[in-house]
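Source file: target.txt. Holds: compact mmCIF, C-alpha atoms and all ligand atoms.
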```txt
# COMPACT_ATOMS: atom_id res chain seq x y z
CA ALA C 1 86.10 78.87 -15.14
CA ASP C 2 83.08 79.69 -12.96
CA ASP C 3 82.94 83.31 -14.13
CA GLU C 4 83.22 82.11 -17.69
CA ALA C 5 80.27 79.71 -17.20
CA GLN C 6 78.19 82.50 -15.65
CA ALA C 7 78.88 84.73 -18.66
CA ARG C 8 77.98 81.90 -21.06
CA ILE C 9 74.67 81.35 -19.20
CA ARG C 10 73.79 85.04 -19.45
CA ALA C 11 74.68 85.20 -23.16
CA ALA C 12 72.68 82.06 -24.04
CA ARG C 13 69.69 83.31 -22.04
CA ALA C 14 69.75 86.61 -23.88
CA ARG C 15 69.64 84.71 -27.18
CA LEU C 16 66.77 82.48 -26.01
CA GLY C 17 64.59 85.28 -24.64
CA ASP C 18 61.24 83.98 -23.41
CA LYS C 19 61.60 80.70 -25.30
CA ALA C 20 63.12 79.19 -22.16
CA VAL C 21 62.01 79.41 -18.54
CA LEU C 22 64.36 78.39 -15.72
CA LEU C 23 62.55 76.70 -12.85
CA CYS C 24 64.73 76.24 -9.77
CA HIS C 25 64.18 74.17 -6.65
CA HIS C 26 65.21 75.79 -3.35
CA TYR C 27 68.06 73.28 -2.87
CA GLN C 28 69.92 74.47 -5.94
CA ARG C 29 73.42 75.84 -5.40
CA ALA C 30 73.78 79.62 -5.28
CA ASP C 31 75.63 79.88 -8.61
CA VAL C 32 72.67 78.25 -10.38
CA TYR C 33 69.84 79.62 -8.20
CA GLN C 34 70.78 83.19 -9.11
CA HIS C 35 69.69 82.51 -12.71
CA ALA C 36 66.18 81.27 -11.78
CA ASP C 37 63.13 82.84 -13.38
CA LEU C 38 60.93 81.12 -10.82
CA THR C 39 61.71 79.19 -7.65
CA GLY C 40 59.66 76.94 -5.41
CA ASP C 41 59.07 73.71 -3.53
CA SER C 42 57.89 70.63 -5.42
CA LEU C 43 54.21 71.60 -5.37
CA LYS C 44 54.75 75.18 -6.48
CA LEU C 45 57.14 74.13 -9.24
CA ALA C 46 54.66 71.51 -10.49
CA ARG C 47 51.99 74.21 -10.75
CA LEU C 48 54.39 76.65 -12.42
CA ALA C 49 55.36 74.01 -14.97
CA SER C 50 51.69 73.48 -15.80
CA GLN C 51 51.14 77.23 -16.27
CA THR C 52 54.15 78.43 -18.28
CA ASP C 53 53.97 79.01 -22.03
CA ALA C 54 57.74 78.79 -22.61
CA GLN C 55 58.84 76.33 -25.27
CA TYR C 56 61.67 74.98 -23.09
CA ILE C 57 61.24 74.29 -19.38
CA VAL C 58 64.79 74.07 -18.06
CA PHE C 59 64.46 72.35 -14.71
CA CYS C 60 67.17 73.02 -12.18
CA GLY C 61 66.21 70.31 -9.73
CA VAL C 62 66.11 66.53 -9.85
CA HIS C 63 64.82 63.96 -12.33
CA PHE C 64 61.33 63.35 -10.88
CA MET C 65 60.65 67.11 -10.92
CA ALA C 66 61.50 67.37 -14.62
CA GLU C 67 59.24 64.34 -15.27
CA VAL C 68 56.37 66.12 -13.52
CA ALA C 69 57.05 69.23 -15.62
CA ASP C 70 56.89 67.10 -18.77
CA ILE C 71 53.65 65.39 -17.70
CA LEU C 72 51.87 68.61 -16.69
CA SER C 73 53.03 70.84 -19.56
CA LYS C 74 51.57 71.02 -23.05
CA PRO C 75 52.70 68.40 -25.61
CA SER C 76 54.56 71.06 -27.61
CA GLN C 77 56.68 72.08 -24.62
CA ILE C 78 59.98 70.41 -23.80
CA ALA C 79 61.23 69.65 -20.27
CA ILE C 80 64.99 69.60 -19.81
CA LEU C 81 67.25 68.47 -16.95
CA PRO C 82 70.74 70.01 -17.34
CA ASP C 83 72.44 66.91 -15.89
CA LEU C 84 70.67 63.59 -16.46
CA ALA C 85 72.47 62.10 -13.45
CA ALA C 86 70.59 64.42 -11.07
CA GLY C 87 68.31 61.80 -9.52
CA CYS C 88 66.84 61.51 -6.02
CA SER C 89 68.16 58.65 -3.89
CA MET C 90 64.88 58.49 -1.99
CA ALA C 91 62.85 58.20 -5.21
CA ASP C 92 65.11 55.28 -6.21
CA MET C 93 64.13 53.38 -3.04
CA ALA C 94 60.84 52.35 -4.68
CA ASN C 95 60.41 50.87 -8.12
CA LEU C 96 57.46 49.51 -10.08
CA ALA C 97 58.41 45.84 -9.76
CA LYS C 98 58.59 46.11 -5.96
CA VAL C 99 55.39 48.13 -5.67
CA GLU C 100 53.53 45.65 -7.89
CA ARG C 101 54.80 42.76 -5.79
CA CYS C 102 53.65 44.61 -2.66
CA TRP C 103 50.21 45.12 -4.22
CA ARG C 104 49.98 41.40 -5.10
CA GLU C 105 50.97 40.38 -1.59
CA LEU C 106 48.51 42.81 -0.03
CA GLY C 107 45.87 41.26 -2.30
CA GLU C 108 46.72 37.77 -1.02
CA VAL C 109 46.34 38.87 2.60
CA LEU C 110 43.48 41.37 2.35
CA GLY C 111 41.73 40.43 -0.90
CA ALA C 112 40.91 43.13 -3.51
CA PRO C 113 43.53 45.80 -2.65
CA ASP C 114 41.89 48.14 -5.15
CA GLU C 115 38.88 48.31 -2.86
CA ARG C 116 40.69 48.43 0.46
CA VAL C 117 44.02 50.23 0.00
CA ALA C 118 44.74 53.66 -1.50
CA PRO C 119 48.24 53.93 -2.98
CA VAL C 120 49.74 57.35 -2.21
CA THR C 121 53.07 58.26 -3.73
CA TYR C 122 55.21 61.15 -2.56
CA ILE C 123 56.05 63.30 -5.59
CA ASN C 124 59.67 62.17 -5.02
CA SER C 125 59.11 59.06 -7.13
CA ALA C 126 59.49 57.89 -10.72
CA ALA C 127 56.70 58.57 -13.22
CA ASP C 128 55.75 54.89 -13.51
CA LEU C 129 54.89 54.86 -9.79
CA LYS C 130 52.66 57.89 -10.26
CA ALA C 131 51.08 55.98 -13.15
CA PHE C 132 50.54 53.02 -10.80
CA CYS C 133 48.66 55.34 -8.44
CA GLY C 134 46.64 56.79 -11.33
CA GLU C 135 45.63 53.28 -12.39
CA HIS C 136 44.75 52.00 -8.92
CA GLY C 137 42.63 54.89 -7.63
CA GLY C 138 45.54 56.52 -5.83
CA ILE C 139 47.12 59.93 -5.75
CA VAL C 140 50.38 61.91 -5.50
CA CYS C 141 51.29 64.12 -2.52
CA THR C 142 54.00 66.62 -1.64
CA SER C 143 55.35 67.77 1.70
CA THR C 144 52.87 70.68 1.57
CA ASN C 145 49.63 68.85 0.91
CA ALA C 146 50.27 65.42 2.53
CA PRO C 147 47.60 65.96 5.29
CA THR C 148 44.89 66.89 2.76
CA ILE C 149 45.90 64.01 0.51
CA LEU C 150 45.74 61.52 3.39
CA ASP C 151 42.17 62.71 4.13
CA TRP C 152 41.32 62.25 0.45
CA ALA C 153 42.73 58.70 0.53
CA PHE C 154 40.90 57.70 3.72
CA SER C 155 37.63 59.08 2.40
CA ARG C 156 37.89 56.40 -0.32
CA ARG C 157 39.64 53.39 1.20
CA GLU C 158 40.26 52.02 4.70
CA LYS C 159 44.07 51.74 4.39
CA VAL C 160 46.88 53.68 2.74
CA LEU C 161 50.07 52.37 1.16
CA PHE C 162 52.47 55.32 1.36
CA PHE C 163 55.73 55.31 -0.62
CA PRO C 164 58.64 55.90 -0.83
CA ASP C 165 59.24 58.12 2.26
CA GLN C 166 58.30 56.45 5.54
CA HIS C 167 59.05 59.64 7.49
CA LEU C 168 56.67 61.97 5.65
CA GLY C 169 54.00 59.24 5.86
CA ARG C 170 54.52 58.65 9.58
CA TRP C 171 54.58 62.35 10.50
CA THR C 172 51.44 63.03 8.48
CA GLY C 173 49.61 60.06 10.01
CA PHE C 174 50.81 61.02 13.50
CA LYS C 175 49.44 64.56 13.08
CA LYS C 176 46.10 63.03 12.11
CA GLY C 177 46.04 61.06 15.35
CA ILE C 178 46.62 57.63 13.79
CA PRO C 179 48.20 55.46 16.52
CA LEU C 180 51.87 54.65 15.81
CA GLU C 181 51.16 50.92 16.12
CA GLN C 182 48.73 51.21 13.19
CA MET C 183 51.49 52.62 10.98
CA VAL C 184 53.79 49.75 10.07
CA VAL C 185 56.90 49.68 7.91
CA TRP C 186 56.73 47.64 4.71
CA ASP C 187 60.21 46.37 3.83
CA PRO C 188 60.13 45.83 0.05
CA ASP C 189 63.06 43.41 0.21
CA LEU C 190 61.18 40.93 2.40
CA GLU C 191 58.19 38.73 1.58
CA TYR C 192 54.96 40.43 2.65
CA GLY C 193 57.06 43.40 3.63
CA GLY C 194 58.35 41.42 6.63
CA LEU C 195 54.90 41.71 8.24
CA THR C 196 52.52 39.09 9.61
CA PRO C 197 48.99 38.85 8.17
CA GLU C 198 47.71 40.17 11.50
CA GLN C 199 49.97 43.25 11.30
CA ILE C 200 48.76 43.93 7.76
CA HIS C 201 45.09 43.54 8.76
CA ASN C 202 45.52 45.89 11.75
CA ALA C 203 47.47 48.57 9.88
CA LYS C 204 45.93 51.86 8.79
CA VAL C 205 49.06 53.08 7.00
CA LEU C 206 51.69 50.87 5.39
CA LEU C 207 54.89 52.89 5.25
CA TRP C 208 57.37 51.97 2.54
CA LYS C 209 60.87 51.53 3.95
CA GLY C 210 62.43 54.54 2.21
CA HIS C 211 64.08 57.70 3.47
CA CYS C 212 66.07 60.75 2.44
CA SER C 213 69.79 60.37 3.10
CA VAL C 214 70.12 64.13 3.74
CA HIS C 215 67.30 64.49 6.28
CA GLN C 216 68.17 61.28 8.14
CA MET C 217 71.29 63.10 9.40
CA PHE C 218 69.22 65.32 11.70
CA GLN C 219 68.87 63.98 15.23
CA PRO C 220 66.76 64.99 18.27
CA ALA C 221 70.07 65.40 20.18
CA HIS C 222 71.04 68.26 17.81
CA ILE C 223 67.84 70.08 18.77
CA GLU C 224 68.21 69.36 22.47
CA ARG C 225 71.77 70.72 22.57
CA TRP C 226 70.81 73.86 20.60
CA ARG C 227 67.77 74.58 22.77
CA LYS C 228 69.93 74.50 25.90
CA GLN C 229 72.13 77.21 24.37
CA HIS C 230 69.24 79.18 22.85
CA PRO C 231 66.09 78.68 24.95
CA ASP C 232 64.30 81.49 23.08
CA GLY C 233 65.11 80.13 19.63
CA PHE C 234 62.80 78.35 17.19
CA VAL C 235 63.32 75.01 15.46
CA ILE C 236 61.89 74.34 11.99
CA SER C 237 62.26 71.09 10.04
CA HIS C 238 61.30 69.44 6.78
CA PRO C 239 58.92 66.46 7.25
CA GLU C 240 61.41 64.10 5.57
CA SER C 241 63.17 64.24 8.95
CA SER C 242 62.44 61.50 11.50
CA LEU C 243 59.32 61.58 13.66
CA GLU C 244 61.40 62.45 16.74
CA VAL C 245 62.99 65.43 14.98
CA CYS C 246 59.58 66.65 13.77
CA ARG C 247 58.02 66.20 17.22
CA ASN C 248 60.79 68.26 18.77
CA SER C 249 60.50 71.06 16.21
CA ASP C 250 58.32 74.15 16.64
CA TYR C 251 57.38 74.17 12.96
CA VAL C 252 57.41 71.47 10.26
CA GLY C 253 56.84 72.01 6.55
CA SER C 254 58.06 72.14 2.97
CA THR C 255 61.08 74.10 1.72
CA GLU C 256 58.83 76.99 0.66
CA TYR C 257 57.10 76.93 4.06
CA ILE C 258 60.46 77.06 5.85
CA ILE C 259 61.55 80.07 3.79
CA ASN C 260 58.22 81.88 4.23
CA THR C 261 58.02 81.20 7.97
CA ILE C 262 61.49 82.50 8.74
CA SER C 263 61.10 85.45 6.34
CA ALA C 264 57.88 86.52 8.10
CA ALA C 265 59.26 86.06 11.63
CA PRO C 266 60.07 89.07 13.82
CA ALA C 267 63.52 90.66 13.53
CA ASN C 268 66.32 89.42 15.80
CA THR C 269 64.89 85.91 16.17
CA ARG C 270 67.09 82.82 16.10
CA TRP C 271 66.35 79.69 14.05
CA LEU C 272 67.63 76.12 13.82
CA VAL C 273 66.72 74.57 10.46
CA GLY C 274 66.50 70.88 9.55
CA THR C 275 66.75 70.84 5.79
CA GLU C 276 69.35 70.93 3.01
CA LEU C 277 72.41 73.11 3.44
CA ASN C 278 72.20 75.23 0.27
CA LEU C 279 68.77 76.49 1.31
CA VAL C 280 69.86 77.15 4.89
CA SER C 281 73.06 79.00 3.89
CA ARG C 282 71.17 81.24 1.45
CA LEU C 283 68.47 81.99 4.00
CA ALA C 284 71.08 82.76 6.68
CA GLU C 285 72.63 85.40 4.38
CA GLU C 286 69.27 86.88 3.38
CA MET C 287 68.08 87.19 6.99
CA LYS C 288 71.22 88.89 8.33
CA PRO C 289 70.02 92.47 7.63
CA GLN C 290 66.96 91.80 9.83
CA GLY C 291 69.20 90.57 12.63
CA LYS C 292 67.82 87.02 12.31
CA THR C 293 70.21 84.16 12.94
CA VAL C 294 69.62 81.03 10.88
CA GLU C 295 71.59 77.89 11.70
CA PHE C 296 71.90 74.45 10.14
CA MET C 297 70.81 71.50 12.28
CA ALA C 298 73.56 68.93 11.71
CA PRO C 299 77.19 69.38 12.77
CA THR C 300 78.35 67.80 9.48
CA VAL C 301 77.93 69.25 5.99
CA CYS C 302 74.98 67.59 4.29
CA MET C 303 73.94 68.75 0.91
CA CYS C 304 71.78 66.90 -1.55
CA SER C 305 74.57 65.59 -3.79
CA THR C 306 72.26 65.03 -6.74
CA MET C 307 70.69 68.51 -6.60
CA GLN C 308 74.27 69.75 -6.51
CA ARG C 309 75.02 68.10 -9.86
CA ILE C 310 73.23 70.91 -11.69
CA ASP C 311 76.21 73.24 -11.93
CA PRO C 312 76.92 76.36 -14.03
CA GLN C 313 78.88 74.31 -16.59
CA HIS C 314 75.97 71.92 -17.28
CA LEU C 315 73.51 74.80 -17.33
CA ALA C 316 75.65 76.83 -19.76
CA TRP C 317 76.08 73.82 -22.07
CA THR C 318 72.32 73.12 -22.01
CA LEU C 319 71.29 76.71 -22.74
CA GLU C 320 73.88 77.17 -25.49
CA ASN C 321 72.56 74.09 -27.26
CA LEU C 322 68.98 75.32 -26.96
CA ALA C 323 70.01 78.72 -28.31
CA GLU C 324 71.39 76.85 -31.35
CA GLY C 325 68.03 75.08 -31.71
CA LYS C 326 69.48 71.76 -30.46
CA VAL C 327 67.53 70.03 -27.70
CA VAL C 328 69.72 68.19 -25.17
CA ASN C 329 68.82 66.23 -22.02
CA GLN C 330 65.10 66.18 -22.72
CA ILE C 331 62.97 64.36 -20.14
CA LYS C 332 60.12 62.63 -21.95
CA VAL C 333 57.79 60.32 -20.08
CA PRO C 334 56.28 57.63 -22.41
CA ALA C 335 52.74 58.65 -23.45
CA HIS C 336 50.81 55.79 -21.80
CA GLU C 337 52.69 56.24 -18.52
CA ALA C 338 52.29 60.02 -18.65
CA GLU C 339 48.54 59.70 -19.17
CA LEU C 340 48.07 57.55 -16.05
CA ALA C 341 50.53 59.60 -13.98
CA ARG C 342 48.65 62.72 -14.93
CA ILE C 343 45.46 61.28 -13.46
CA ALA C 344 47.19 60.92 -10.08
CA LEU C 345 48.80 64.38 -10.36
CA ASP C 346 45.55 66.04 -11.41
CA ARG C 347 43.78 64.46 -8.43
CA MET C 348 46.43 66.03 -6.22
CA LEU C 349 46.22 69.46 -7.84
CA ALA C 350 42.42 69.39 -7.63
CA VAL C 351 42.38 68.88 -3.86
CA SER C 352 45.41 70.94 -2.79
P1 LIG X 401 59.82 70.31 -1.07
O1 LIG X 401 58.63 69.92 -1.87
O2 LIG X 401 59.50 70.68 0.33
O3 LIG X 401 60.60 71.36 -1.78
O4 LIG X 401 60.77 69.04 -0.90
C1 LIG X 401 61.43 68.43 -1.94
C2 LIG X 401 62.53 67.60 -1.49
O5 LIG X 401 63.08 66.81 -2.21
C3 LIG X 401 62.94 67.73 -0.10
O6 LIG X 401 64.03 66.91 0.14
FE1 LIG X 402 65.79 63.43 -2.78
FE2 LIG X 402 66.59 63.94 -0.26
FE3 LIG X 402 67.73 65.19 -2.33
FE4 LIG X 402 65.23 65.79 -1.60
S1 LIG X 402 67.10 66.11 -0.42
S2 LIG X 402 65.96 65.45 -3.69
S3 LIG X 402 64.50 63.75 -0.99
S4 LIG X 402 67.79 62.96 -1.91
```
Could you render the structure as structure tokens?
Ligand code: 13P
Ligand code: SF4
Amino acid sequence: ADDEAQARIRAARARLGDKAVLLCHHYQRADVYQHADLTGDSLKLARLASQTDAQYIVFCGVHFMAEVADILSKPSQIAILPDLAAGCSMADMANLAKVERCWRELGEVLGAPDERVAPVTYINSAADLKAFCGEHGGIVCTSTNAPTILDWAFSRREKVLFFPDQHLGRWTGFKKGIPLEQMVVWDPDLEYGGLTPEQIHNAKVLLWKGHCSVHQMFQPAHIERWRKQHPDGFVISHPESSLEVCRNSDYVGSTEYIINTISAAPANTRWLVGTELNLVSRLAEEMKPQGKTVEFMAPTVCMCSTMQRIDPQHLAWTLENLAEGKVVNQIKVPAHEAELARIALDRMLAVS
């Protein structure tokens, strides 16, 4: 059945020609990734989506990425997600109602949050949260540009509300030298985030209580054990991992950064990688001819189950429909929301 789906994908693509471009995130499974026209991390894919002229942008990734492609592409272009159930569990940890309540409560404690707090949303978030940032003088960031974006935010306001990933926020603030006690966790299920007015007043960064279920599997103990066995090896992690994992890594960065760093490393080096398994397995295969060993950080299998939903069957079905002139699984952000979200995305693209 898999071979059949692969053949159907190739046939539909041949019929579509350059009407469709396939953008693929690095976490995509091998049987989908092999069909990519262009690959990247979230920032690179956002830029590519804004630059392509293809009529159909078929996004092999997760929902928020296809939303960004829709927002940044021309109105005549159509963004498509081959399986609409491919969400991001971290993105789902923040929603507009909870962020608006947080903003109201910050206003009660601090007065005028629009003057004092910059809302910064990780790109792993729904479009209405990006719109919230656009409307309230905030901005979007990715794992690549988070340090630059934090500088941007602090050049405008004295505090930052960072959502939904506490780990990326904490690591970025830590690298900037912000004391850990001035980075406090805002629990959206508690009144005033579970914080006292004094804690809110003293905070520089308010970290939304969200995380990635894949990256939370990585533990400092995995690194410690591996280093004992391979004292000359290098450890590289994605900043969605915990602060302790990032602190114990030699390198920290986005999926594209991880791939580029290991690709450019000297032959015969050994690497432990803290990010999603599809990426690590592919890289391990690709690096073998150079004698590089690439290993996955956790002892258990942890893939991003939602990225994994984009399979050859869904992709074949999507492309066949497009080849027949029938649009399926379009991702269309409502115009008003898209306009505000674009403000926050454009601010990000302008400074990164
Ligand atoms: P990158 O932008 O580094 O590709 O990260 C996206 C993501 O979802 C990581 O879990
Ligand atoms: Fe979301 Fe984590 Fe999957 Fe990335 S790996 S898409 S953050 S659930």
Legend entry - Residue neighbourhood C:Glu240, 7 Å, only C-alpha atoms, exclusion window fewer than 3 positions, as a VMD selection string: chain C and resid 167 to 168 212 215
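A straight line drawn from atom CA of C:Glu181 to atom CA of C:Leu206 is 10.7 Å long.
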Inset, instruction - May I have the residues at most 9 Å from (52.5, 58.4, -17.5) in the file's coordinates, counting only C-alpha atoms, as a PyMOL selection string? - result: chain C and resi 71+127-132+134+333-343
Legend entry - Polymer residues at most 10 Å from stretch 137-149 of chain C, only C-alpha atoms, same-chain spacing of 4 or more positions, as number ranges by chain: C: 41-44, 114-115, 117-125, 129-133, 153-157, 160-163, 168-169, 171-173, 175-176, 238-240, 252-257, 341-349, 351-352
Go ahead and dump the residues you just picked, C-alpha atoms, as a short mmCIF file (atom, residue, chain, number, x, y, z; two decimals), keeping the file's coordinate frame.
```cif
data_model
loop_
_atom_site.label_atom_id
_atom_site.label_comp_id
_atom_site.auth_asym_id
_atom_site.auth_seq_id
_atom_site.Cartn_x
_atom_site.Cartn_y
_atom_site.Cartn_z
CA ASP C 41 59.07 73.71 -3.53
CA SER C 42 57.89 70.63 -5.42
CA LEU C 43 54.21 71.60 -5.37
CA LYS C 44 54.75 75.18 -6.48
CA ASP C 114 41.89 48.14 -5.15
CA GLU C 115 38.88 48.31 -2.86
CA VAL C 117 44.02 50.23 0.00
CA ALA C 118 44.74 53.66 -1.50
CA PRO C 119 48.24 53.93 -2.98
CA VAL C 120 49.74 57.35 -2.21
CA THR C 121 53.07 58.26 -3.73
CA TYR C 122 55.21 61.15 -2.56
CA ILE C 123 56.05 63.30 -5.59
CA ASN C 124 59.67 62.17 -5.02
CA SER C 125 59.11 59.06 -7.13
CA LEU C 129 54.89 54.86 -9.79
CA LYS C 130 52.66 57.89 -10.26
CA ALA C 131 51.08 55.98 -13.15
CA PHE C 132 50.54 53.02 -10.80
CA CYS C 133 48.66 55.34 -8.44
CA ALA C 153 42.73 58.70 0.53
CA PHE C 154 40.90 57.70 3.72
CA SER C 155 37.63 59.08 2.40
CA ARG C 156 37.89 56.40 -0.32
CA ARG C 157 39.64 53.39 1.20
CA VAL C 160 46.88 53.68 2.74
CA LEU C 161 50.07 52.37 1.16
CA PHE C 162 52.47 55.32 1.36
CA PHE C 163 55.73 55.31 -0.62
CA LEU C 168 56.67 61.97 5.65
CA GLY C 169 54.00 59.24 5.86
CA TRP C 171 54.58 62.35 10.50
CA THR C 172 51.44 63.03 8.48
CA GLY C 173 49.61 60.06 10.01
CA LYS C 175 49.44 64.56 13.08
CA LYS C 176 46.10 63.03 12.11
CA HIS C 238 61.30 69.44 6.78
CA PRO C 239 58.92 66.46 7.25
CA GLU C 240 61.41 64.10 5.57
CA VAL C 252 57.41 71.47 10.26
CA GLY C 253 56.84 72.01 6.55
CA SER C 254 58.06 72.14 2.97
CA THR C 255 61.08 74.10 1.72
CA GLU C 256 58.83 76.99 0.66
CA TYR C 257 57.10 76.93 4.06
CA ALA C 341 50.53 59.60 -13.98
CA ARG C 342 48.65 62.72 -14.93
CA ILE C 343 45.46 61.28 -13.46
CA ALA C 344 47.19 60.92 -10.08
CA LEU C 345 48.80 64.38 -10.36
CA ASP C 346 45.55 66.04 -11.41
CA ARG C 347 43.78 64.46 -8.43
CA MET C 348 46.43 66.03 -6.22
CA LEU C 349 46.22 69.46 -7.84
CA VAL C 351 42.38 68.88 -3.86
CA SER C 352 45.41 70.94 -2.79
#
```
Legend entry - Gap from atom CA of C:Pro197 to atom CA of C:Leu243 - Å, one decimal: 25.6 Å
Legend entry - Within 6 Å of ligand LIG 402 (chain X), counting all atoms listed in the file, residues as a ChimeraX atom specification: /C:88-90,212-214,304
Legend entry - For C:Trp317, the nearest of the candidates C:Val58, C:Leu283, C:Thr39, C:Trp226, counting all atoms listed in the file: C:Val58
